[in-house]
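Enquirer: Contents of upload-v5.txt (compact mmCIF, N, CA and C atoms):
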```txt
# COMPACT_ATOMS: atom_id res chain seq x y z
N MET A 1424 63.81 -39.25 -133.04
CA MET A 1424 64.28 -40.63 -133.01
C MET A 1424 65.64 -40.68 -132.32
N ASP A 1425 65.78 -41.58 -131.37
CA ASP A 1425 67.04 -41.81 -130.70
C ASP A 1425 67.84 -42.79 -131.53
N PHE A 1426 68.89 -42.31 -132.17
CA PHE A 1426 69.67 -43.16 -133.07
C PHE A 1426 70.40 -44.27 -132.33
N GLU A 1427 70.53 -44.17 -131.02
CA GLU A 1427 71.20 -45.21 -130.26
C GLU A 1427 70.35 -46.47 -130.14
N GLU A 1428 69.05 -46.35 -130.29
CA GLU A 1428 68.14 -47.45 -130.02
C GLU A 1428 67.48 -48.04 -131.25
N ALA A 1429 68.11 -47.96 -132.39
CA ALA A 1429 67.50 -48.48 -133.63
C ALA A 1429 67.45 -50.00 -133.61
N ASP A 1430 66.24 -50.54 -133.71
CA ASP A 1430 66.10 -51.98 -133.87
C ASP A 1430 66.21 -52.36 -135.34
N ILE A 1431 65.66 -51.52 -136.19
CA ILE A 1431 65.67 -51.78 -137.64
C ILE A 1431 66.30 -50.59 -138.35
N LEU A 1432 67.26 -50.88 -139.21
CA LEU A 1432 67.84 -49.86 -140.07
C LEU A 1432 67.25 -50.07 -141.45
N LEU A 1433 66.51 -49.09 -141.93
CA LEU A 1433 65.90 -49.13 -143.26
C LEU A 1433 66.77 -48.31 -144.19
N VAL A 1434 67.32 -48.97 -145.21
CA VAL A 1434 68.20 -48.31 -146.17
C VAL A 1434 67.45 -48.27 -147.49
N GLU A 1435 66.88 -47.11 -147.79
CA GLU A 1435 65.97 -46.97 -148.94
C GLU A 1435 66.04 -45.55 -149.47
N ASP A 1436 66.33 -45.39 -150.76
CA ASP A 1436 66.44 -44.05 -151.34
C ASP A 1436 65.09 -43.50 -151.81
N ASN A 1437 64.09 -44.35 -151.95
CA ASN A 1437 62.78 -43.90 -152.44
C ASN A 1437 61.88 -43.56 -151.25
N PRO A 1438 61.52 -42.28 -151.08
CA PRO A 1438 60.70 -41.88 -149.92
C PRO A 1438 59.35 -42.59 -149.85
N THR A 1439 58.74 -42.86 -151.01
CA THR A 1439 57.44 -43.54 -151.02
C THR A 1439 57.59 -44.97 -150.51
N ASP A 1440 58.61 -45.68 -150.98
CA ASP A 1440 58.85 -47.05 -150.51
C ASP A 1440 59.21 -47.06 -149.03
N ALA A 1441 59.97 -46.06 -148.58
CA ALA A 1441 60.32 -45.99 -147.16
C ALA A 1441 59.06 -45.78 -146.31
N GLU A 1442 58.17 -44.90 -146.75
CA GLU A 1442 56.93 -44.65 -146.02
C GLU A 1442 56.06 -45.91 -145.98
N LEU A 1443 55.94 -46.60 -147.10
CA LEU A 1443 55.16 -47.83 -147.14
C LEU A 1443 55.77 -48.89 -146.22
N THR A 1444 57.08 -48.98 -146.20
CA THR A 1444 57.75 -49.95 -145.34
C THR A 1444 57.48 -49.64 -143.87
N MET A 1445 57.58 -48.36 -143.52
CA MET A 1445 57.31 -47.96 -142.12
C MET A 1445 55.86 -48.25 -141.76
N ARG A 1446 54.95 -47.98 -142.68
CA ARG A 1446 53.54 -48.26 -142.42
C ARG A 1446 53.30 -49.75 -142.20
N ALA A 1447 53.95 -50.57 -143.01
CA ALA A 1447 53.81 -52.02 -142.87
C ALA A 1447 54.36 -52.51 -141.53
N LEU A 1448 55.51 -51.98 -141.13
CA LEU A 1448 56.09 -52.36 -139.85
C LEU A 1448 55.22 -51.92 -138.68
N LYS A 1449 54.60 -50.77 -138.84
CA LYS A 1449 53.71 -50.26 -137.80
C LYS A 1449 52.53 -51.20 -137.58
N ARG A 1450 52.07 -51.84 -138.65
CA ARG A 1450 50.96 -52.80 -138.52
C ARG A 1450 51.27 -53.92 -137.55
N LYS A 1451 52.54 -54.27 -137.44
CA LYS A 1451 52.97 -55.32 -136.51
C LYS A 1451 53.62 -54.72 -135.26
N ASN A 1452 53.40 -53.42 -135.05
CA ASN A 1452 53.99 -52.71 -133.91
C ASN A 1452 55.51 -52.81 -133.89
N LEU A 1453 56.12 -52.73 -135.05
CA LEU A 1453 57.57 -52.84 -135.16
C LEU A 1453 58.23 -51.54 -135.62
N ALA A 1454 57.47 -50.47 -135.74
CA ALA A 1454 58.01 -49.24 -136.33
C ALA A 1454 58.56 -48.25 -135.31
N ASN A 1455 58.49 -48.57 -134.04
CA ASN A 1455 58.92 -47.61 -133.02
C ASN A 1455 60.40 -47.28 -133.09
N GLN A 1456 61.22 -48.25 -133.41
CA GLN A 1456 62.67 -48.06 -133.38
C GLN A 1456 63.30 -48.27 -134.75
N VAL A 1457 62.74 -47.61 -135.76
CA VAL A 1457 63.28 -47.71 -137.12
C VAL A 1457 64.04 -46.43 -137.45
N VAL A 1458 65.25 -46.60 -137.94
CA VAL A 1458 66.02 -45.47 -138.47
C VAL A 1458 66.05 -45.64 -139.98
N TRP A 1459 65.67 -44.57 -140.69
CA TRP A 1459 65.68 -44.58 -142.14
C TRP A 1459 66.85 -43.76 -142.64
N VAL A 1460 67.70 -44.39 -143.46
CA VAL A 1460 68.77 -43.66 -144.15
C VAL A 1460 68.52 -43.77 -145.64
N LYS A 1461 68.93 -42.74 -146.38
CA LYS A 1461 68.49 -42.58 -147.76
C LYS A 1461 69.45 -43.09 -148.83
N ASP A 1462 70.63 -43.57 -148.42
CA ASP A 1462 71.55 -44.14 -149.40
C ASP A 1462 72.58 -45.02 -148.70
N GLY A 1463 73.37 -45.70 -149.51
CA GLY A 1463 74.35 -46.62 -148.96
C GLY A 1463 75.43 -45.95 -148.13
N ALA A 1464 75.83 -44.74 -148.52
CA ALA A 1464 76.85 -44.03 -147.75
C ALA A 1464 76.34 -43.72 -146.34
N GLU A 1465 75.10 -43.25 -146.23
CA GLU A 1465 74.52 -42.99 -144.91
C GLU A 1465 74.40 -44.28 -144.11
N ALA A 1466 74.07 -45.37 -144.77
CA ALA A 1466 73.95 -46.66 -144.07
C ALA A 1466 75.28 -47.04 -143.44
N LEU A 1467 76.36 -46.94 -144.20
CA LEU A 1467 77.67 -47.29 -143.66
C LEU A 1467 78.09 -46.35 -142.54
N GLU A 1468 77.77 -45.07 -142.67
CA GLU A 1468 78.06 -44.13 -141.58
C GLU A 1468 77.31 -44.51 -140.31
N PHE A 1469 76.04 -44.89 -140.46
CA PHE A 1469 75.25 -45.28 -139.29
C PHE A 1469 75.82 -46.55 -138.66
N ILE A 1470 76.01 -47.57 -139.47
CA ILE A 1470 76.45 -48.87 -138.95
C ILE A 1470 77.80 -48.78 -138.25
N PHE A 1471 78.73 -48.04 -138.86
CA PHE A 1471 80.07 -47.97 -138.31
C PHE A 1471 80.34 -46.69 -137.52
N ALA A 1472 79.27 -45.93 -137.22
CA ALA A 1472 79.35 -44.73 -136.37
C ALA A 1472 80.43 -43.76 -136.85
N THR A 1473 80.28 -43.34 -138.10
CA THR A 1473 81.18 -42.35 -138.67
C THR A 1473 80.35 -41.19 -139.23
N GLY A 1474 81.03 -40.15 -139.73
CA GLY A 1474 80.32 -39.04 -140.36
C GLY A 1474 79.27 -38.44 -139.46
N GLN A 1475 78.07 -38.26 -140.00
CA GLN A 1475 76.99 -37.63 -139.24
C GLN A 1475 76.53 -38.48 -138.05
N PHE A 1476 76.93 -39.77 -138.00
CA PHE A 1476 76.55 -40.65 -136.90
C PHE A 1476 77.73 -40.98 -135.99
N ALA A 1477 78.79 -40.18 -136.05
CA ALA A 1477 80.00 -40.44 -135.25
C ALA A 1477 79.72 -40.44 -133.75
N HIS A 1478 78.67 -39.76 -133.31
CA HIS A 1478 78.32 -39.71 -131.89
C HIS A 1478 77.69 -41.02 -131.39
N ARG A 1479 77.25 -41.86 -132.31
CA ARG A 1479 76.57 -43.10 -131.97
C ARG A 1479 77.54 -44.13 -131.40
N ASP A 1480 77.07 -44.96 -130.47
CA ASP A 1480 77.87 -46.05 -129.93
C ASP A 1480 78.03 -47.11 -131.02
N VAL A 1481 79.24 -47.30 -131.50
CA VAL A 1481 79.49 -48.21 -132.62
C VAL A 1481 79.13 -49.66 -132.27
N GLU A 1482 79.07 -50.00 -131.01
CA GLU A 1482 78.74 -51.37 -130.61
C GLU A 1482 77.23 -51.60 -130.49
N ASN A 1483 76.44 -50.56 -130.66
CA ASN A 1483 74.98 -50.67 -130.56
C ASN A 1483 74.41 -50.82 -131.98
N PHE A 1484 74.45 -52.06 -132.49
CA PHE A 1484 74.04 -52.31 -133.86
C PHE A 1484 72.54 -52.54 -133.96
N PRO A 1485 71.96 -52.27 -135.13
CA PRO A 1485 70.55 -52.61 -135.33
C PRO A 1485 70.37 -54.12 -135.29
N LYS A 1486 69.16 -54.54 -134.96
CA LYS A 1486 68.85 -55.98 -134.91
C LYS A 1486 68.52 -56.53 -136.30
N LEU A 1487 68.19 -55.63 -137.23
CA LEU A 1487 67.82 -56.02 -138.58
C LEU A 1487 68.12 -54.86 -139.52
N ILE A 1488 68.63 -55.20 -140.70
CA ILE A 1488 68.85 -54.19 -141.74
C ILE A 1488 68.00 -54.57 -142.95
N LEU A 1489 67.14 -53.66 -143.37
CA LEU A 1489 66.36 -53.81 -144.61
C LEU A 1489 67.08 -52.96 -145.66
N LEU A 1490 67.57 -53.59 -146.70
CA LEU A 1490 68.51 -52.95 -147.62
C LEU A 1490 68.02 -52.99 -149.06
N ASP A 1491 67.88 -51.81 -149.64
CA ASP A 1491 67.60 -51.71 -151.08
C ASP A 1491 68.93 -51.90 -151.82
N LEU A 1492 68.87 -52.32 -153.08
CA LEU A 1492 70.09 -52.50 -153.85
C LEU A 1492 70.45 -51.28 -154.69
N ARG A 1493 69.50 -50.72 -155.39
CA ARG A 1493 69.75 -49.63 -156.33
C ARG A 1493 69.65 -48.29 -155.61
N MET A 1494 70.82 -47.76 -155.21
CA MET A 1494 70.84 -46.50 -154.47
C MET A 1494 72.00 -45.63 -154.95
N PRO A 1495 71.88 -44.33 -154.73
CA PRO A 1495 72.98 -43.44 -155.09
C PRO A 1495 74.15 -43.58 -154.11
N LYS A 1496 75.27 -43.05 -154.51
CA LYS A 1496 76.51 -42.98 -153.74
C LYS A 1496 77.15 -44.35 -153.55
N VAL A 1497 76.55 -45.21 -152.74
CA VAL A 1497 77.06 -46.56 -152.52
C VAL A 1497 75.88 -47.51 -152.71
N ASP A 1498 76.02 -48.50 -153.60
CA ASP A 1498 74.88 -49.38 -153.85
C ASP A 1498 74.75 -50.44 -152.74
N GLY A 1499 73.61 -51.12 -152.73
CA GLY A 1499 73.31 -52.07 -151.68
C GLY A 1499 74.26 -53.25 -151.63
N LEU A 1500 74.76 -53.71 -152.76
CA LEU A 1500 75.69 -54.84 -152.75
C LEU A 1500 77.00 -54.47 -152.05
N GLU A 1501 77.46 -53.25 -152.27
CA GLU A 1501 78.68 -52.81 -151.59
C GLU A 1501 78.45 -52.66 -150.09
N VAL A 1502 77.28 -52.14 -149.71
CA VAL A 1502 76.93 -52.04 -148.29
C VAL A 1502 76.91 -53.43 -147.67
N LEU A 1503 76.25 -54.37 -148.33
CA LEU A 1503 76.17 -55.74 -147.84
C LEU A 1503 77.56 -56.35 -147.68
N GLN A 1504 78.41 -56.16 -148.67
CA GLN A 1504 79.77 -56.70 -148.61
C GLN A 1504 80.52 -56.17 -147.39
N LYS A 1505 80.41 -54.87 -147.14
CA LYS A 1505 81.12 -54.26 -146.01
C LYS A 1505 80.56 -54.75 -144.67
N ILE A 1506 79.25 -54.91 -144.58
CA ILE A 1506 78.63 -55.40 -143.34
C ILE A 1506 79.11 -56.82 -143.05
N LYS A 1507 79.04 -57.69 -144.04
CA LYS A 1507 79.36 -59.10 -143.83
C LYS A 1507 80.86 -59.36 -143.71
N ALA A 1508 81.70 -58.45 -144.21
CA ALA A 1508 83.16 -58.62 -144.13
C ALA A 1508 83.72 -58.19 -142.77
N ASP A 1509 82.96 -57.43 -142.01
CA ASP A 1509 83.44 -56.93 -140.72
C ASP A 1509 82.96 -57.86 -139.60
N GLU A 1510 83.88 -58.35 -138.82
CA GLU A 1510 83.54 -59.29 -137.74
C GLU A 1510 82.50 -58.73 -136.78
N ARG A 1511 82.54 -57.42 -136.54
CA ARG A 1511 81.59 -56.79 -135.60
C ARG A 1511 80.16 -56.81 -136.12
N THR A 1512 79.98 -56.78 -137.44
CA THR A 1512 78.64 -56.62 -138.01
C THR A 1512 78.18 -57.83 -138.83
N SER A 1513 79.02 -58.81 -138.99
CA SER A 1513 78.71 -59.92 -139.90
C SER A 1513 77.49 -60.74 -139.48
N ARG A 1514 77.12 -60.70 -138.22
CA ARG A 1514 75.97 -61.49 -137.76
C ARG A 1514 74.64 -60.71 -137.77
N ILE A 1515 74.68 -59.44 -138.13
CA ILE A 1515 73.43 -58.69 -138.22
C ILE A 1515 72.62 -59.24 -139.38
N PRO A 1516 71.37 -59.63 -139.14
CA PRO A 1516 70.55 -60.10 -140.27
C PRO A 1516 70.32 -58.97 -141.27
N VAL A 1517 70.58 -59.26 -142.53
CA VAL A 1517 70.35 -58.30 -143.60
C VAL A 1517 69.35 -58.91 -144.57
N VAL A 1518 68.26 -58.18 -144.81
CA VAL A 1518 67.25 -58.59 -145.77
C VAL A 1518 67.29 -57.59 -146.92
N VAL A 1519 67.60 -58.08 -148.11
CA VAL A 1519 67.52 -57.22 -149.29
C VAL A 1519 66.04 -57.09 -149.64
N LEU A 1520 65.58 -55.86 -149.71
CA LEU A 1520 64.20 -55.54 -150.07
C LEU A 1520 64.29 -54.60 -151.26
N THR A 1521 64.07 -55.15 -152.46
CA THR A 1521 64.38 -54.41 -153.67
C THR A 1521 63.39 -54.72 -154.78
N SER A 1522 63.37 -53.87 -155.76
CA SER A 1522 62.52 -54.12 -156.94
C SER A 1522 63.22 -55.04 -157.93
N SER A 1523 64.52 -55.27 -157.76
CA SER A 1523 65.27 -56.11 -158.70
C SER A 1523 64.91 -57.59 -158.53
N GLN A 1524 64.62 -58.21 -159.65
CA GLN A 1524 64.39 -59.66 -159.68
C GLN A 1524 65.44 -60.33 -160.57
N GLU A 1525 66.52 -59.62 -160.82
CA GLU A 1525 67.58 -60.13 -161.68
C GLU A 1525 68.36 -61.23 -160.97
N ASP A 1526 68.55 -62.33 -161.69
CA ASP A 1526 69.27 -63.47 -161.11
C ASP A 1526 70.65 -63.07 -160.59
N ARG A 1527 71.35 -62.22 -161.31
CA ARG A 1527 72.71 -61.85 -160.88
C ARG A 1527 72.68 -61.10 -159.55
N ASP A 1528 71.65 -60.26 -159.31
CA ASP A 1528 71.54 -59.57 -158.03
C ASP A 1528 71.24 -60.56 -156.90
N ILE A 1529 70.37 -61.51 -157.18
CA ILE A 1529 70.01 -62.51 -156.17
C ILE A 1529 71.24 -63.36 -155.83
N VAL A 1530 71.90 -63.88 -156.86
CA VAL A 1530 73.07 -64.73 -156.64
C VAL A 1530 74.17 -63.97 -155.91
N GLU A 1531 74.46 -62.75 -156.35
CA GLU A 1531 75.52 -61.96 -155.72
C GLU A 1531 75.18 -61.63 -154.27
N SER A 1532 73.91 -61.33 -154.00
CA SER A 1532 73.50 -61.04 -152.62
C SER A 1532 73.76 -62.23 -151.72
N TYR A 1533 73.39 -63.41 -152.17
CA TYR A 1533 73.62 -64.61 -151.35
C TYR A 1533 75.11 -64.94 -151.23
N LYS A 1534 75.88 -64.70 -152.29
CA LYS A 1534 77.33 -64.91 -152.20
C LYS A 1534 77.94 -64.02 -151.12
N LEU A 1535 77.39 -62.81 -151.00
CA LEU A 1535 77.92 -61.86 -150.03
C LEU A 1535 77.37 -62.09 -148.62
N GLY A 1536 76.42 -63.02 -148.47
CA GLY A 1536 75.96 -63.37 -147.13
C GLY A 1536 74.62 -62.82 -146.71
N VAL A 1537 73.80 -62.36 -147.66
CA VAL A 1537 72.48 -61.86 -147.28
C VAL A 1537 71.68 -62.97 -146.59
N ASN A 1538 70.84 -62.59 -145.65
CA ASN A 1538 70.02 -63.57 -144.94
C ASN A 1538 68.72 -63.88 -145.65
N SER A 1539 68.24 -62.93 -146.44
CA SER A 1539 67.00 -63.12 -147.18
C SER A 1539 66.96 -62.10 -148.32
N TYR A 1540 66.33 -62.49 -149.42
CA TYR A 1540 66.20 -61.61 -150.58
C TYR A 1540 64.72 -61.55 -150.93
N VAL A 1541 64.13 -60.37 -150.82
CA VAL A 1541 62.70 -60.19 -151.06
C VAL A 1541 62.51 -59.16 -152.17
N SER A 1542 61.85 -59.57 -153.24
CA SER A 1542 61.50 -58.62 -154.30
C SER A 1542 60.25 -57.86 -153.86
N LYS A 1543 60.30 -56.54 -153.98
CA LYS A 1543 59.16 -55.71 -153.57
C LYS A 1543 57.95 -56.02 -154.44
N PRO A 1544 56.87 -56.45 -153.82
CA PRO A 1544 55.64 -56.64 -154.61
C PRO A 1544 55.15 -55.31 -155.16
N VAL A 1545 54.57 -55.35 -156.34
CA VAL A 1545 54.09 -54.13 -157.00
C VAL A 1545 52.78 -53.65 -156.37
N GLU A 1546 51.90 -54.56 -156.05
CA GLU A 1546 50.60 -54.20 -155.48
C GLU A 1546 50.76 -53.72 -154.04
N PHE A 1547 50.08 -52.64 -153.69
CA PHE A 1547 50.19 -52.03 -152.37
C PHE A 1547 49.92 -53.03 -151.25
N ASP A 1548 48.78 -53.74 -151.30
CA ASP A 1548 48.43 -54.68 -150.23
C ASP A 1548 49.46 -55.80 -150.11
N ASP A 1549 49.96 -56.28 -151.23
CA ASP A 1549 50.98 -57.34 -151.22
C ASP A 1549 52.29 -56.83 -150.61
N PHE A 1550 52.64 -55.58 -150.92
CA PHE A 1550 53.85 -54.97 -150.36
C PHE A 1550 53.72 -54.87 -148.84
N ILE A 1551 52.60 -54.34 -148.39
CA ILE A 1551 52.37 -54.19 -146.94
C ILE A 1551 52.44 -55.54 -146.24
N GLU A 1552 51.81 -56.55 -146.81
CA GLU A 1552 51.81 -57.89 -146.20
C GLU A 1552 53.21 -58.49 -146.17
N ALA A 1553 53.96 -58.35 -147.26
CA ALA A 1553 55.31 -58.91 -147.32
C ALA A 1553 56.22 -58.27 -146.27
N VAL A 1554 56.20 -56.95 -146.18
CA VAL A 1554 57.06 -56.25 -145.22
C VAL A 1554 56.62 -56.55 -143.78
N SER A 1555 55.32 -56.58 -143.54
CA SER A 1555 54.82 -56.91 -142.20
C SER A 1555 55.29 -58.29 -141.78
N THR A 1556 55.19 -59.24 -142.68
CA THR A 1556 55.57 -60.62 -142.38
C THR A 1556 57.07 -60.74 -142.13
N LEU A 1557 57.88 -60.12 -142.98
CA LEU A 1557 59.32 -60.25 -142.77
C LEU A 1557 59.76 -59.53 -141.51
N GLY A 1558 59.18 -58.38 -141.21
CA GLY A 1558 59.50 -57.68 -139.96
C GLY A 1558 59.12 -58.52 -138.75
N PHE A 1559 57.95 -59.10 -138.78
CA PHE A 1559 57.48 -59.95 -137.69
C PHE A 1559 58.42 -61.14 -137.49
N TYR A 1560 58.78 -61.78 -138.58
CA TYR A 1560 59.68 -62.93 -138.49
C TYR A 1560 61.03 -62.55 -137.89
N TRP A 1561 61.71 -61.57 -138.49
CA TRP A 1561 63.07 -61.25 -138.08
C TRP A 1561 63.15 -60.61 -136.70
N MET A 1562 62.11 -59.87 -136.29
CA MET A 1562 62.17 -59.18 -135.00
C MET A 1562 61.56 -59.99 -133.85
N LEU A 1563 60.59 -60.85 -134.13
CA LEU A 1563 59.90 -61.53 -133.04
C LEU A 1563 60.04 -63.05 -133.04
N ILE A 1564 60.17 -63.67 -134.18
CA ILE A 1564 60.21 -65.13 -134.24
C ILE A 1564 61.66 -65.64 -134.27
N ASN A 1565 62.48 -65.05 -135.10
CA ASN A 1565 63.86 -65.48 -135.26
C ASN A 1565 64.65 -65.30 -133.96
N ASN A 1566 65.55 -66.25 -133.67
CA ASN A 1566 66.45 -66.15 -132.52
C ASN A 1566 67.87 -65.90 -133.04
N PRO A 1567 68.34 -64.66 -132.99
CA PRO A 1567 69.68 -64.37 -133.49
C PRO A 1567 70.75 -64.87 -132.52
N PRO A 1568 72.00 -64.99 -133.02
CA PRO A 1568 73.09 -65.45 -132.13
C PRO A 1568 73.40 -64.42 -131.06
```
Once more with this new file: its structure as structure tokens, please.
Expert:
Amino acid sequence: MDFEEADILLVEDNPTDAELTMRALKRKNLANQVVWVKDGAEALEFIFATGQFAHRDVENFPKLILLDLRMPKVDGLEVLQKIKADERTSRIPVVVLTSSQEDRDIVESYKLGVNSYVSKPVEFDDFIEAVSTLGFYWMLINNPP
């Protein structure tokens, strides 16, 4: 994977959920340029081209970030806050894709500027359909600034 050309940054600590998400994106031919990072710390390194991603062009941002909330090292809300607080990254669409349906997580995500909040469906087919649809919308239908 060429890290310079990531269209979608998938931030997910669960390998099974990451695989299902990639499979769903592939159904809409959107999986070619997906970079998967396993926690919030890696996400911030990728986005801001630091640490293991220091070689990356910091101005070459992903077109979409799919962000889990419950992760080790740095949680998704902190990642979201840092993305939206930085002028360089504040316009990147961020979709929270999480198992949490807690009102406080939803409210806090929107306060921090999330573009969409999607609770992961439990059923396999529903999960695949939800991720396929959101990937299709954000990558092909939506017109970003």
Enquirer: So the first atom is atom CA of Val1541 of chain A and the second is atom CA of Val1519 of chain A; what is the distance between them in Å, to one decimal place?
Expert: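 That distance, rounded to one decimal, is 5.9 Å.
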Enquirer: I'd like to know which of A:Arg1527, A:Arg1446, A:Lys1534, A:Lys1507 is closest to Phe1547 of chain A, using only C-alpha atoms.
Expert: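 Residue with the minimum atom-to-atom distance to Phe1547 of chain A: A:Arg1446.
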Enquirer: Taking the backbone alone, and naming residues the way the document does, which bits of segment 1519-1563 of chain A are strand (DSSP E or B) by DSSP, as a PyMOL selection string?
Expert: chain A and resi 1519-1521+1539-1542
Enquirer: Rounded to one decimal in Å, what is the spacing between atom N of Ala1466 of chain A and atom N of Asp1491 of chain A?
Expert: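 Result for atom N of Ala1466 of chain A versus atom N of Asp1491 of chain A: 10.2 Å, one decimal.
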Enquirer: Using all atoms listed in the file, which residue out of A:Glu1510, A:Asp1548, A:Asp1462, A:Glu1435 lies closest to Val1497 of chain A?
Expert: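 Counting all atoms listed in the file, the residue closest to Val1497 of chain A is A:Asp1462.
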Enquirer: Nearest to Leu1490 of chain A among A:Asp1526, A:Thr1521, A:Phe1550, A:Pro1568, with distances taken over only N, CA and C atoms: which residue is it?
Expert: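 Closest to Leu1490 of chain A of all the choices is A:Thr1521.
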Enquirer: Hey, can you check how far atom CA of Leu1563 of chain A sits from atom CA of Ala1429 of chain A?
Expert: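 A separation of 15.1 Å between them.
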Enquirer: I'd like to know which of A:Val1502, A:Ile1431, A:Ile1564, A:Val1481 is closest to Gly1536 of chain A, using only C-alpha atoms.
Expert: A:Val1502
Enquirer: Let's see if you can do this: from backbone DSSP, list all helix (DSSP H, G or I) residues in segment 1426-1564 of chain A, as a PyMOL selection string.
Expert: chain A and resi 1426-1428+1438-1450+1463-1470+1474-1476+1499-1508+1526-1534+1547-1564
Enquirer: Which residues come within 6 Å of Asp1436 of chain A, counting all atoms listed in the file, excluding same-chain residues fewer than 6 positions away, as a PDB file with N, CA and C atoms, keeping the file's coordinate frame?
Expert:
```pdb
ATOM      1  N   VAL A1460      67.700 -44.390-143.460  1.00  0.00           N
ATOM      2  CA  VAL A1460      68.770 -43.660-144.150  1.00  0.00           C
ATOM      3  C   VAL A1460      68.520 -43.770-145.640  1.00  0.00           C
ATOM      4  N   LYS A1461      68.930 -42.740-146.380  1.00  0.00           N
ATOM      5  CA  LYS A1461      68.490 -42.580-147.760  1.00  0.00           C
ATOM      6  C   LYS A1461      69.450 -43.090-148.830  1.00  0.00           C
ATOM      7  N   ASP A1462      70.630 -43.570-148.420  1.00  0.00           N
ATOM      8  CA  ASP A1462      71.550 -44.140-149.400  1.00  0.00           C
ATOM      9  C   ASP A1462      72.580 -45.020-148.700  1.00  0.00           C
ATOM     10  N   MET A1494      70.820 -47.760-155.210  1.00  0.00           N
ATOM     11  CA  MET A1494      70.840 -46.500-154.470  1.00  0.00           C
ATOM     12  C   MET A1494      72.000 -45.630-154.950  1.00  0.00           C
TER      13      MET A1494
END
```
Enquirer: Kindly indicate which residue among A:Arg1450, A:Met1445, A:Phe1469, A:Glu1482 lies nearest to Arg1511 of chain A, using only N, CA and C atoms for the distances.
Expert: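 Between A:Arg1450, A:Met1445, A:Phe1469, A:Glu1482, the residue approaching Arg1511 of chain A most closely is A:Glu1482.
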Enquirer: Please provide the set of residues having any atom within 12 Å of Val1457 of chain A, restricted to only C-alpha atoms, with same-chain residues fewer than 2 positions apart removed, written as a short mmCIF file (atom, residue, chain, number, x, y, z; two decimals) with N, CA and C atoms, keeping the file's coordinate frame.
Expert:
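Final output, saved to result-v3.cif:
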```
data_model
loop_
_atom_site.label_atom_id
_atom_site.label_comp_id
_atom_site.auth_asym_id
_atom_site.auth_seq_id
_atom_site.Cartn_x
_atom_site.Cartn_y
_atom_site.Cartn_z
N MET A 1424 63.81 -39.25 -133.04
CA MET A 1424 64.28 -40.63 -133.01
C MET A 1424 65.64 -40.68 -132.32
N ASP A 1425 65.78 -41.58 -131.37
CA ASP A 1425 67.04 -41.81 -130.70
C ASP A 1425 67.84 -42.79 -131.53
N PHE A 1426 68.89 -42.31 -132.17
CA PHE A 1426 69.67 -43.16 -133.07
C PHE A 1426 70.40 -44.27 -132.33
N GLU A 1427 70.53 -44.17 -131.02
CA GLU A 1427 71.20 -45.21 -130.26
C GLU A 1427 70.35 -46.47 -130.14
N GLU A 1428 69.05 -46.35 -130.29
CA GLU A 1428 68.14 -47.45 -130.02
C GLU A 1428 67.48 -48.04 -131.25
N ALA A 1429 68.11 -47.96 -132.39
CA ALA A 1429 67.50 -48.48 -133.63
C ALA A 1429 67.45 -50.00 -133.61
N ASP A 1430 66.24 -50.54 -133.71
CA ASP A 1430 66.10 -51.98 -133.87
C ASP A 1430 66.21 -52.36 -135.34
N ILE A 1431 65.66 -51.52 -136.19
CA ILE A 1431 65.67 -51.78 -137.64
C ILE A 1431 66.30 -50.59 -138.35
N LEU A 1432 67.26 -50.88 -139.21
CA LEU A 1432 67.84 -49.86 -140.07
C LEU A 1432 67.25 -50.07 -141.45
N LEU A 1433 66.51 -49.09 -141.93
CA LEU A 1433 65.90 -49.13 -143.26
C LEU A 1433 66.77 -48.31 -144.19
N VAL A 1434 67.32 -48.97 -145.21
CA VAL A 1434 68.20 -48.31 -146.17
C VAL A 1434 67.45 -48.27 -147.49
N ALA A 1441 59.97 -46.06 -148.58
CA ALA A 1441 60.32 -45.99 -147.16
C ALA A 1441 59.06 -45.78 -146.31
N GLU A 1442 58.17 -44.90 -146.75
CA GLU A 1442 56.93 -44.65 -146.02
C GLU A 1442 56.06 -45.91 -145.98
N THR A 1444 57.08 -48.98 -146.20
CA THR A 1444 57.75 -49.95 -145.34
C THR A 1444 57.48 -49.64 -143.87
N MET A 1445 57.58 -48.36 -143.52
CA MET A 1445 57.31 -47.96 -142.12
C MET A 1445 55.86 -48.25 -141.76
N ARG A 1446 54.95 -47.98 -142.68
CA ARG A 1446 53.54 -48.26 -142.42
C ARG A 1446 53.30 -49.75 -142.20
N ALA A 1447 53.95 -50.57 -143.01
CA ALA A 1447 53.81 -52.02 -142.87
C ALA A 1447 54.36 -52.51 -141.53
N LEU A 1448 55.51 -51.98 -141.13
CA LEU A 1448 56.09 -52.36 -139.85
C LEU A 1448 55.22 -51.92 -138.68
N LYS A 1449 54.60 -50.77 -138.84
CA LYS A 1449 53.71 -50.26 -137.80
C LYS A 1449 52.53 -51.20 -137.58
N ASN A 1452 53.40 -53.42 -135.05
CA ASN A 1452 53.99 -52.71 -133.91
C ASN A 1452 55.51 -52.81 -133.89
N LEU A 1453 56.12 -52.73 -135.05
CA LEU A 1453 57.57 -52.84 -135.16
C LEU A 1453 58.23 -51.54 -135.62
N ALA A 1454 57.47 -50.47 -135.74
CA ALA A 1454 58.01 -49.24 -136.33
C ALA A 1454 58.56 -48.25 -135.31
N ASN A 1455 58.49 -48.57 -134.04
CA ASN A 1455 58.92 -47.61 -133.02
C ASN A 1455 60.40 -47.28 -133.09
N TRP A 1459 65.67 -44.57 -140.69
CA TRP A 1459 65.68 -44.58 -142.14
C TRP A 1459 66.85 -43.76 -142.64
N VAL A 1460 67.70 -44.39 -143.46
CA VAL A 1460 68.77 -43.66 -144.15
C VAL A 1460 68.52 -43.77 -145.64
N PRO A 1485 71.96 -52.27 -135.13
CA PRO A 1485 70.55 -52.61 -135.33
C PRO A 1485 70.37 -54.12 -135.29
N LYS A 1486 69.16 -54.54 -134.96
CA LYS A 1486 68.85 -55.98 -134.91
C LYS A 1486 68.52 -56.53 -136.30
N LEU A 1487 68.19 -55.63 -137.23
CA LEU A 1487 67.82 -56.02 -138.58
C LEU A 1487 68.12 -54.86 -139.52
N ILE A 1488 68.63 -55.20 -140.70
CA ILE A 1488 68.85 -54.19 -141.74
C ILE A 1488 68.00 -54.57 -142.95
N LEU A 1489 67.14 -53.66 -143.37
CA LEU A 1489 66.36 -53.81 -144.61
C LEU A 1489 67.08 -52.96 -145.66
N GLY A 1558 59.18 -58.38 -141.21
CA GLY A 1558 59.50 -57.68 -139.96
C GLY A 1558 59.12 -58.52 -138.75
N MET A 1562 62.11 -59.87 -136.29
CA MET A 1562 62.17 -59.18 -135.00
C MET A 1562 61.56 -59.99 -133.85
#
```
